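*Asks:* One file is attached below, work-v6.cif, containing mmCIF, N, CA and C atoms and all ligand atoms.
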data_upload
#
loop_
_atom_site.label_atom_id
_atom_site.label_comp_id
_atom_site.auth_asym_id
_atom_site.auth_seq_id
_atom_site.Cartn_x
_atom_site.Cartn_y
_atom_site.Cartn_z
N MET A 14 0.85 -1.19 0.00
CA MET A 14 0.00 0.00 0.00
C MET A 14 0.89 1.25 0.00
N LYS A 15 0.60 2.16 -0.92
CA LYS A 15 1.45 3.35 -1.02
C LYS A 15 0.68 4.60 -0.57
N ILE A 16 1.32 5.35 0.32
CA ILE A 16 0.70 6.57 0.85
C ILE A 16 1.62 7.75 0.57
N LEU A 17 1.02 8.80 0.04
CA LEU A 17 1.75 10.05 -0.22
C LEU A 17 1.43 11.05 0.89
N VAL A 18 2.48 11.56 1.52
CA VAL A 18 2.31 12.59 2.56
C VAL A 18 2.76 13.93 1.98
N LEU A 19 1.82 14.86 1.90
CA LEU A 19 2.10 16.16 1.30
C LEU A 19 2.12 17.25 2.37
N ASN A 20 3.14 18.08 2.33
CA ASN A 20 3.26 19.19 3.28
C ASN A 20 3.44 20.50 2.53
N GLY A 21 2.67 21.50 2.95
CA GLY A 21 2.67 22.79 2.28
C GLY A 21 3.69 23.77 2.84
N PRO A 22 3.51 25.05 2.51
CA PRO A 22 4.52 26.07 2.77
C PRO A 22 4.90 26.24 4.24
N ASN A 23 6.19 26.39 4.45
CA ASN A 23 6.81 26.71 5.75
C ASN A 23 6.87 25.54 6.72
N LEU A 24 6.27 24.42 6.37
CA LEU A 24 6.35 23.28 7.30
C LEU A 24 7.78 22.77 7.42
N ASN A 25 8.61 23.05 6.40
CA ASN A 25 10.04 22.70 6.50
C ASN A 25 10.77 23.54 7.55
N MET A 26 10.10 24.57 8.07
CA MET A 26 10.70 25.45 9.09
C MET A 26 10.28 25.05 10.51
N LEU A 27 9.56 23.97 10.62
CA LEU A 27 9.06 23.53 11.95
C LEU A 27 10.19 23.47 12.98
N GLY A 28 9.89 23.90 14.18
CA GLY A 28 10.86 23.83 15.27
C GLY A 28 11.77 25.03 15.33
N ILE A 29 11.77 25.83 14.27
CA ILE A 29 12.68 26.98 14.23
C ILE A 29 12.08 28.17 14.99
N ARG A 30 10.76 28.37 14.82
CA ARG A 30 10.07 29.44 15.55
C ARG A 30 8.67 28.96 15.94
N GLU A 31 8.00 29.77 16.77
CA GLU A 31 6.64 29.50 17.21
C GLU A 31 6.46 28.11 17.84
N PRO A 32 7.37 27.72 18.76
CA PRO A 32 7.20 26.40 19.41
C PRO A 32 5.92 26.34 20.25
N GLY A 33 5.42 27.52 20.67
CA GLY A 33 4.18 27.56 21.45
C GLY A 33 2.99 27.06 20.66
N ILE A 34 3.02 27.23 19.35
CA ILE A 34 1.89 26.82 18.51
C ILE A 34 2.14 25.45 17.89
N TYR A 35 3.35 25.25 17.35
CA TYR A 35 3.61 24.01 16.59
C TYR A 35 4.48 23.00 17.34
N GLY A 36 4.90 23.33 18.56
CA GLY A 36 5.74 22.41 19.32
C GLY A 36 7.21 22.57 18.97
N LYS A 37 8.04 21.79 19.65
CA LYS A 37 9.49 21.93 19.48
C LYS A 37 10.03 21.02 18.38
N SER A 38 9.19 20.09 17.92
CA SER A 38 9.67 19.12 16.92
C SER A 38 10.03 19.82 15.62
N THR A 39 11.01 19.25 14.94
CA THR A 39 11.48 19.82 13.68
C THR A 39 10.91 19.02 12.50
N PHE A 40 11.16 19.56 11.31
CA PHE A 40 10.73 18.85 10.10
C PHE A 40 11.47 17.52 9.98
N ALA A 41 12.73 17.51 10.41
CA ALA A 41 13.50 16.25 10.39
C ALA A 41 12.84 15.22 11.30
N ASP A 42 12.30 15.67 12.44
CA ASP A 42 11.57 14.76 13.34
C ASP A 42 10.35 14.16 12.62
N LEU A 43 9.66 15.01 11.84
CA LEU A 43 8.50 14.52 11.10
C LEU A 43 8.92 13.46 10.08
N LEU A 44 10.02 13.71 9.38
CA LEU A 44 10.49 12.73 8.38
C LEU A 44 10.83 11.41 9.06
N ARG A 45 11.43 11.49 10.27
CA ARG A 45 11.76 10.27 11.03
C ARG A 45 10.48 9.52 11.43
N LEU A 46 9.49 10.30 11.89
CA LEU A 46 8.21 9.67 12.29
C LEU A 46 7.59 8.93 11.10
N LEU A 47 7.67 9.53 9.92
CA LEU A 47 7.10 8.89 8.73
C LEU A 47 7.86 7.62 8.38
N GLU A 48 9.19 7.68 8.47
CA GLU A 48 10.01 6.49 8.18
C GLU A 48 9.70 5.37 9.18
N ASP A 49 9.61 5.73 10.47
CA ASP A 49 9.32 4.75 11.51
C ASP A 49 7.95 4.10 11.27
N THR A 50 6.96 4.95 10.92
CA THR A 50 5.60 4.44 10.69
C THR A 50 5.58 3.51 9.49
N ALA A 51 6.29 3.89 8.43
CA ALA A 51 6.34 3.04 7.23
C ALA A 51 6.90 1.67 7.58
N ARG A 52 8.00 1.67 8.35
CA ARG A 52 8.65 0.41 8.73
C ARG A 52 7.72 -0.43 9.61
N ALA A 53 7.15 0.22 10.64
CA ALA A 53 6.31 -0.51 11.61
C ALA A 53 5.04 -1.07 10.96
N GLU A 54 4.50 -0.35 10.00
CA GLU A 54 3.21 -0.75 9.42
C GLU A 54 3.35 -1.45 8.07
N GLY A 55 4.58 -1.59 7.60
CA GLY A 55 4.79 -2.25 6.31
C GLY A 55 4.20 -1.47 5.15
N LEU A 56 4.34 -0.16 5.20
CA LEU A 56 3.76 0.70 4.15
C LEU A 56 4.86 1.36 3.33
N ASP A 57 4.52 1.71 2.11
CA ASP A 57 5.41 2.50 1.26
C ASP A 57 4.94 3.95 1.40
N ILE A 58 5.72 4.77 2.11
CA ILE A 58 5.31 6.16 2.35
C ILE A 58 6.27 7.09 1.64
N GLU A 59 5.70 7.97 0.80
CA GLU A 59 6.52 8.99 0.12
C GLU A 59 6.12 10.35 0.66
N GLN A 60 7.10 11.17 0.99
CA GLN A 60 6.86 12.51 1.52
C GLN A 60 7.26 13.55 0.49
N TYR A 61 6.45 14.60 0.36
CA TYR A 61 6.79 15.72 -0.54
C TYR A 61 6.38 17.03 0.14
N GLN A 62 7.32 17.96 0.23
CA GLN A 62 7.03 19.29 0.80
C GLN A 62 7.33 20.34 -0.25
N SER A 63 6.43 21.31 -0.37
CA SER A 63 6.71 22.43 -1.28
C SER A 63 6.11 23.70 -0.71
N ASN A 64 6.77 24.80 -1.05
CA ASN A 64 6.25 26.12 -0.68
C ASN A 64 5.38 26.71 -1.79
N HIS A 65 5.18 25.91 -2.87
CA HIS A 65 4.51 26.44 -4.06
C HIS A 65 3.21 25.68 -4.36
N GLU A 66 2.14 26.43 -4.49
CA GLU A 66 0.81 25.85 -4.68
C GLU A 66 0.77 24.93 -5.91
N GLY A 67 1.31 25.40 -7.04
CA GLY A 67 1.27 24.62 -8.27
C GLY A 67 2.04 23.31 -8.16
N ASP A 68 3.13 23.34 -7.41
CA ASP A 68 3.91 22.10 -7.21
C ASP A 68 3.07 21.07 -6.46
N LEU A 69 2.31 21.55 -5.48
CA LEU A 69 1.46 20.63 -4.71
C LEU A 69 0.35 20.07 -5.60
N VAL A 70 -0.21 20.92 -6.47
CA VAL A 70 -1.23 20.45 -7.42
C VAL A 70 -0.62 19.41 -8.36
N ASP A 71 0.60 19.69 -8.86
CA ASP A 71 1.28 18.73 -9.76
C ASP A 71 1.48 17.38 -9.06
N LYS A 72 1.87 17.44 -7.79
CA LYS A 72 2.15 16.18 -7.07
C LYS A 72 0.85 15.39 -6.84
N ILE A 73 -0.24 16.10 -6.56
CA ILE A 73 -1.54 15.41 -6.39
C ILE A 73 -1.93 14.75 -7.71
N GLN A 74 -1.73 15.44 -8.83
CA GLN A 74 -2.05 14.85 -10.14
C GLN A 74 -1.15 13.64 -10.42
N TRP A 75 0.14 13.77 -10.05
CA TRP A 75 1.10 12.67 -10.23
C TRP A 75 0.62 11.41 -9.49
N ALA A 76 -0.05 11.64 -8.34
CA ALA A 76 -0.47 10.52 -7.48
C ALA A 76 -1.53 9.64 -8.13
N TYR A 77 -2.23 10.19 -9.12
CA TYR A 77 -3.33 9.45 -9.76
C TYR A 77 -2.81 8.14 -10.37
N GLY A 78 -3.37 7.03 -9.93
CA GLY A 78 -2.95 5.72 -10.44
C GLY A 78 -1.66 5.20 -9.83
N ARG A 79 -1.05 6.00 -8.95
CA ARG A 79 0.23 5.59 -8.35
C ARG A 79 0.15 5.37 -6.84
N VAL A 80 -0.76 6.08 -6.15
CA VAL A 80 -0.82 5.92 -4.69
C VAL A 80 -2.25 5.56 -4.27
N ASP A 81 -2.33 4.93 -3.10
CA ASP A 81 -3.63 4.46 -2.59
C ASP A 81 -4.29 5.48 -1.68
N GLY A 82 -3.49 6.30 -1.01
CA GLY A 82 -4.04 7.27 -0.08
C GLY A 82 -3.13 8.47 0.06
N ILE A 83 -3.72 9.60 0.43
CA ILE A 83 -2.95 10.83 0.59
C ILE A 83 -3.19 11.39 1.99
N VAL A 84 -2.09 11.79 2.65
CA VAL A 84 -2.17 12.58 3.89
C VAL A 84 -1.67 13.96 3.51
N ILE A 85 -2.48 14.97 3.78
CA ILE A 85 -2.09 16.31 3.33
C ILE A 85 -2.24 17.35 4.43
N ASN A 86 -1.15 18.10 4.65
CA ASN A 86 -1.21 19.31 5.46
C ASN A 86 -0.88 20.45 4.50
N PRO A 87 -1.91 21.08 3.94
CA PRO A 87 -1.64 22.13 2.95
C PRO A 87 -1.12 23.42 3.57
N ALA A 88 -0.97 23.44 4.92
CA ALA A 88 -0.49 24.63 5.65
C ALA A 88 -1.35 25.84 5.28
N ALA A 89 -0.75 26.98 4.97
CA ALA A 89 -1.55 28.19 4.72
C ALA A 89 -2.48 28.03 3.52
N TYR A 90 -2.12 27.15 2.56
CA TYR A 90 -2.99 26.95 1.39
C TYR A 90 -4.30 26.27 1.75
N THR A 91 -4.34 25.67 2.95
CA THR A 91 -5.60 25.10 3.45
C THR A 91 -6.72 26.11 3.31
N HIS A 92 -6.38 27.36 3.69
CA HIS A 92 -7.40 28.39 3.88
C HIS A 92 -7.65 29.24 2.64
N THR A 93 -6.94 28.92 1.54
CA THR A 93 -7.05 29.76 0.35
C THR A 93 -7.20 29.00 -0.96
N SER A 94 -6.75 27.74 -0.99
CA SER A 94 -6.52 27.12 -2.30
C SER A 94 -7.67 26.27 -2.83
N VAL A 95 -8.39 26.84 -3.79
CA VAL A 95 -9.40 26.07 -4.51
C VAL A 95 -8.68 25.12 -5.49
N ALA A 96 -7.48 25.49 -5.92
CA ALA A 96 -6.72 24.64 -6.85
C ALA A 96 -6.36 23.30 -6.20
N ILE A 97 -5.95 23.33 -4.95
CA ILE A 97 -5.63 22.08 -4.25
C ILE A 97 -6.91 21.27 -4.01
N LEU A 98 -7.98 21.94 -3.64
CA LEU A 98 -9.28 21.25 -3.48
C LEU A 98 -9.66 20.57 -4.80
N ASP A 99 -9.58 21.29 -5.91
CA ASP A 99 -9.98 20.72 -7.20
C ASP A 99 -9.09 19.53 -7.58
N ALA A 100 -7.79 19.64 -7.29
CA ALA A 100 -6.86 18.53 -7.62
C ALA A 100 -7.23 17.29 -6.82
N LEU A 101 -7.52 17.46 -5.53
CA LEU A 101 -7.91 16.31 -4.69
C LEU A 101 -9.20 15.68 -5.21
N LYS A 102 -10.14 16.55 -5.63
CA LYS A 102 -11.40 16.02 -6.18
C LYS A 102 -11.15 15.30 -7.49
N ALA A 103 -10.26 15.85 -8.31
CA ALA A 103 -10.00 15.28 -9.64
C ALA A 103 -9.42 13.88 -9.53
N VAL A 104 -8.47 13.67 -8.62
CA VAL A 104 -7.83 12.35 -8.54
C VAL A 104 -8.67 11.36 -7.74
N SER A 105 -9.52 11.90 -6.87
CA SER A 105 -10.44 11.08 -6.07
C SER A 105 -9.73 9.95 -5.31
N ILE A 106 -8.57 10.27 -4.76
CA ILE A 106 -7.83 9.32 -3.91
C ILE A 106 -8.22 9.64 -2.47
N PRO A 107 -8.56 8.64 -1.64
CA PRO A 107 -8.91 8.94 -0.25
C PRO A 107 -7.80 9.77 0.42
N ALA A 108 -8.20 10.92 0.96
CA ALA A 108 -7.21 11.84 1.55
C ALA A 108 -7.62 12.22 2.96
N VAL A 109 -6.62 12.33 3.84
CA VAL A 109 -6.86 12.79 5.21
C VAL A 109 -6.10 14.10 5.38
N GLU A 110 -6.79 15.10 5.91
CA GLU A 110 -6.20 16.42 6.17
C GLU A 110 -5.62 16.41 7.59
N VAL A 111 -4.39 16.89 7.72
CA VAL A 111 -3.75 16.97 9.04
C VAL A 111 -3.34 18.41 9.32
N HIS A 112 -3.59 18.84 10.55
CA HIS A 112 -3.04 20.12 11.03
C HIS A 112 -2.38 19.88 12.38
N ILE A 113 -1.17 20.35 12.50
CA ILE A 113 -0.40 20.17 13.74
C ILE A 113 -1.09 20.90 14.89
N SER A 114 -1.51 22.14 14.61
CA SER A 114 -2.19 22.93 15.64
C SER A 114 -3.70 22.71 15.54
N ASP A 115 -4.40 23.17 16.57
CA ASP A 115 -5.87 23.10 16.55
C ASP A 115 -6.38 24.36 15.85
N VAL A 116 -6.50 24.25 14.54
CA VAL A 116 -6.87 25.42 13.73
C VAL A 116 -8.21 26.03 14.15
N ASP A 117 -9.10 25.20 14.70
CA ASP A 117 -10.41 25.71 15.09
C ASP A 117 -10.36 26.61 16.33
N ALA A 118 -9.22 26.54 17.04
CA ALA A 118 -9.08 27.38 18.25
C ALA A 118 -8.22 28.61 17.95
N ARG A 119 -7.93 28.84 16.66
CA ARG A 119 -7.06 29.97 16.30
C ARG A 119 -7.87 31.06 15.56
N GLU A 120 -7.20 31.88 14.77
CA GLU A 120 -7.88 32.99 14.09
C GLU A 120 -9.00 32.47 13.19
N PRO A 121 -10.06 33.26 13.02
CA PRO A 121 -11.20 32.81 12.19
C PRO A 121 -10.77 32.37 10.78
N PHE A 122 -9.77 33.03 10.18
CA PHE A 122 -9.40 32.64 8.80
C PHE A 122 -8.81 31.24 8.75
N ARG A 123 -8.29 30.75 9.88
CA ARG A 123 -7.74 29.38 9.89
C ARG A 123 -8.83 28.34 10.11
N GLN A 124 -10.03 28.78 10.37
CA GLN A 124 -11.13 27.84 10.62
C GLN A 124 -11.84 27.46 9.33
N VAL A 125 -11.35 28.03 8.21
CA VAL A 125 -11.90 27.69 6.89
C VAL A 125 -10.92 26.77 6.19
N SER A 126 -11.40 25.61 5.70
CA SER A 126 -10.52 24.70 4.95
C SER A 126 -11.17 24.34 3.62
N TYR A 127 -10.50 24.71 2.55
CA TYR A 127 -10.96 24.29 1.21
C TYR A 127 -10.59 22.83 0.98
N ALA A 128 -9.32 22.48 1.21
CA ALA A 128 -8.86 21.11 0.95
C ALA A 128 -9.69 20.10 1.75
N GLY A 129 -10.06 20.48 2.96
CA GLY A 129 -10.80 19.58 3.83
C GLY A 129 -12.11 19.09 3.23
N ARG A 130 -12.66 19.87 2.30
CA ARG A 130 -13.92 19.48 1.65
C ARG A 130 -13.78 18.24 0.78
N ALA A 131 -12.50 17.94 0.40
CA ALA A 131 -12.27 16.76 -0.45
C ALA A 131 -11.64 15.62 0.36
N CYS A 132 -11.59 15.80 1.69
CA CYS A 132 -10.92 14.79 2.52
C CYS A 132 -11.93 13.94 3.28
N VAL A 133 -11.55 12.68 3.53
CA VAL A 133 -12.46 11.77 4.24
C VAL A 133 -12.39 11.99 5.75
N LYS A 134 -11.34 12.69 6.21
CA LYS A 134 -11.18 12.92 7.66
C LYS A 134 -10.22 14.09 7.87
N THR A 135 -10.40 14.79 9.00
CA THR A 135 -9.46 15.83 9.40
C THR A 135 -8.96 15.54 10.80
N ILE A 136 -7.62 15.61 10.98
CA ILE A 136 -7.03 15.44 12.31
C ILE A 136 -6.30 16.72 12.64
N LYS A 137 -6.62 17.34 13.76
CA LYS A 137 -6.00 18.62 14.09
C LYS A 137 -5.64 18.69 15.58
N GLY A 138 -4.59 19.47 15.87
CA GLY A 138 -4.23 19.70 17.27
C GLY A 138 -3.53 18.54 17.95
N GLN A 139 -3.04 17.58 17.18
CA GLN A 139 -2.37 16.41 17.79
C GLN A 139 -0.86 16.47 17.60
N GLY A 140 -0.35 17.60 17.13
CA GLY A 140 1.08 17.69 16.85
C GLY A 140 1.47 16.75 15.72
N LEU A 141 2.74 16.35 15.70
CA LEU A 141 3.21 15.46 14.62
C LEU A 141 2.52 14.10 14.68
N GLU A 142 2.06 13.72 15.87
CA GLU A 142 1.38 12.43 16.04
C GLU A 142 0.16 12.33 15.12
N GLY A 143 -0.40 13.48 14.76
CA GLY A 143 -1.56 13.49 13.86
C GLY A 143 -1.26 12.83 12.52
N TYR A 144 -0.01 12.94 12.06
CA TYR A 144 0.36 12.30 10.79
C TYR A 144 0.27 10.78 10.92
N ARG A 145 0.78 10.26 12.07
CA ARG A 145 0.73 8.81 12.27
C ARG A 145 -0.74 8.34 12.32
N GLN A 146 -1.57 9.13 13.05
CA GLN A 146 -3.00 8.77 13.15
C GLN A 146 -3.65 8.74 11.77
N ALA A 147 -3.29 9.71 10.93
CA ALA A 147 -3.87 9.80 9.58
C ALA A 147 -3.46 8.58 8.75
N ILE A 148 -2.19 8.19 8.86
CA ILE A 148 -1.69 7.04 8.09
C ILE A 148 -2.40 5.76 8.56
N LEU A 149 -2.52 5.60 9.89
CA LEU A 149 -3.18 4.39 10.41
C LEU A 149 -4.65 4.35 9.99
N TYR A 150 -5.29 5.51 9.97
CA TYR A 150 -6.70 5.59 9.54
C TYR A 150 -6.82 5.13 8.09
N LEU A 151 -5.91 5.63 7.23
CA LEU A 151 -5.97 5.26 5.80
C LEU A 151 -5.68 3.78 5.62
N LYS A 152 -4.69 3.27 6.39
CA LYS A 152 -4.33 1.85 6.26
C LYS A 152 -5.56 0.97 6.54
N GLU A 153 -6.29 1.33 7.62
CA GLU A 153 -7.47 0.54 7.99
C GLU A 153 -8.58 0.69 6.95
N ARG A 154 -8.78 1.91 6.49
CA ARG A 154 -9.85 2.18 5.52
C ARG A 154 -9.60 1.50 4.17
N LEU A 155 -8.32 1.45 3.79
CA LEU A 155 -7.97 0.91 2.48
C LEU A 155 -7.82 -0.61 2.48
N ALA A 156 -7.71 -1.19 3.69
CA ALA A 156 -7.43 -2.65 3.76
C ALA A 156 -8.57 -3.46 3.13
O1 LIG B 201 -1.45 23.60 12.16
C1 LIG B 201 -1.03 23.35 11.02
O2 LIG B 201 -0.53 22.27 10.71
C2 LIG B 201 -1.07 24.43 9.94
O3 LIG B 201 -1.41 23.79 8.71
C3 LIG B 201 0.33 25.03 9.89
C4 LIG B 201 0.45 26.21 8.92
C5 LIG B 201 -0.65 27.24 9.16
O4 LIG B 201 -0.62 28.22 8.15
C6 LIG B 201 -2.05 26.60 9.17
O5 LIG B 201 -3.00 27.59 9.45
C7 LIG B 201 -2.13 25.50 10.21
C8 LIG B 201 1.85 26.88 9.12
C9 LIG B 201 3.00 25.97 8.74
C10 LIG B 201 4.32 26.24 9.44
O6 LIG B 201 4.47 27.59 9.85
C11 LIG B 201 5.57 27.94 10.61
C12 LIG B 201 5.55 29.23 11.13
C13 LIG B 201 6.61 29.67 11.91
C14 LIG B 201 7.70 28.82 12.15
C15 LIG B 201 7.72 27.54 11.61
C16 LIG B 201 6.66 27.11 10.83
#
Transcribe the structure of this file into structure tokens.

*Replies:*
Amino acid sequence: MKILVLNGPNLNMLGIREPGIYGKSTFADLLRLLEDTARAEGLDIEQYQSNHEGDLVDKIQWAYGRVDGIVINPAAYTHTSVAILDALKAVSIPAVEVHISDVDAREPFRQVSYAGRACVKTIKGQGLEGYRQAILYLKERLA
């Protein structure tokens, strides 16, 4: 089973600033968590991070016919990108939206998610552990 984990803008900066909101973990910690989860669960997990909306759309299109499930944290594009929403709808691959912070407890603009409309589940406020939960959810759903 192949799962694509997509991360949007600035998530590569995790741990560098704003530890009060996103925790102390770094992006390297997230990559390790994904590797550990892949090994423990016997999954093929590919990670892709980009600061560019079109790159994320390209990667979602690339996933068509190649991956079984998508875990996506579109970061700031969550709240703005109809293009990412349309790409997720176009490929129709089961997708889980992840947010490290509890976006519903933050500014009103973060409480709107376009991508989430094309996702089968949203996990928020669980820190990096949310990625593992999303992967396990997809593994069970796809089995
Ligand atoms: O909680 C999440 O996972 C977010 O998707 C993170 C995004 C934010 O725009 C969303 O509203 C919620 C931000 C990504 C990382 O931003 C950083 C900011 C400062 C230092 C390091 C990372």

*Asks:* With distances taken over only C-alpha atoms and all ligand atoms, which residue among A:Val133, A:Ala51, A:Ala108, A:Leu19 lies nearest ligand LIG 201 (chain B)?

*Replies:*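 When distances to ligand LIG 201 (chain B) are compared using only C-alpha atoms and all ligand atoms, the smallest one comes from A:Leu19.
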
*Asks:* In Å, how far is it from CA of Gly143 in chain A to atom N of Ser114 in chain A?

*Replies:*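 The value is 8.7 Å.
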
*Asks:* At a cut-off of 6.5 Å around ligand LIG 201 (chain B), and using only N, CA and C atoms and all ligand atoms, what residues come up? Please write them as a ChimeraX atom specification.

*Replies:* /A:21-31,86-90,111-116,123,138

*Asks:* Measuring atom to atom with only C-alpha atoms, identify which of A:Ala147, A:Val95, A:Ile106, A:Leu141 is nearest to Leu46 in chain A.

*Replies:*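 Once distances to Leu46 in chain A are computed over only C-alpha atoms, the minimum belongs to A:Leu141.
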
*Asks:* Could you work out how far CA of Leu69 in chain A lies from CA of Asp117 in chain A, giving the answer in Å with one decimal?

*Replies:* 23.6 Å
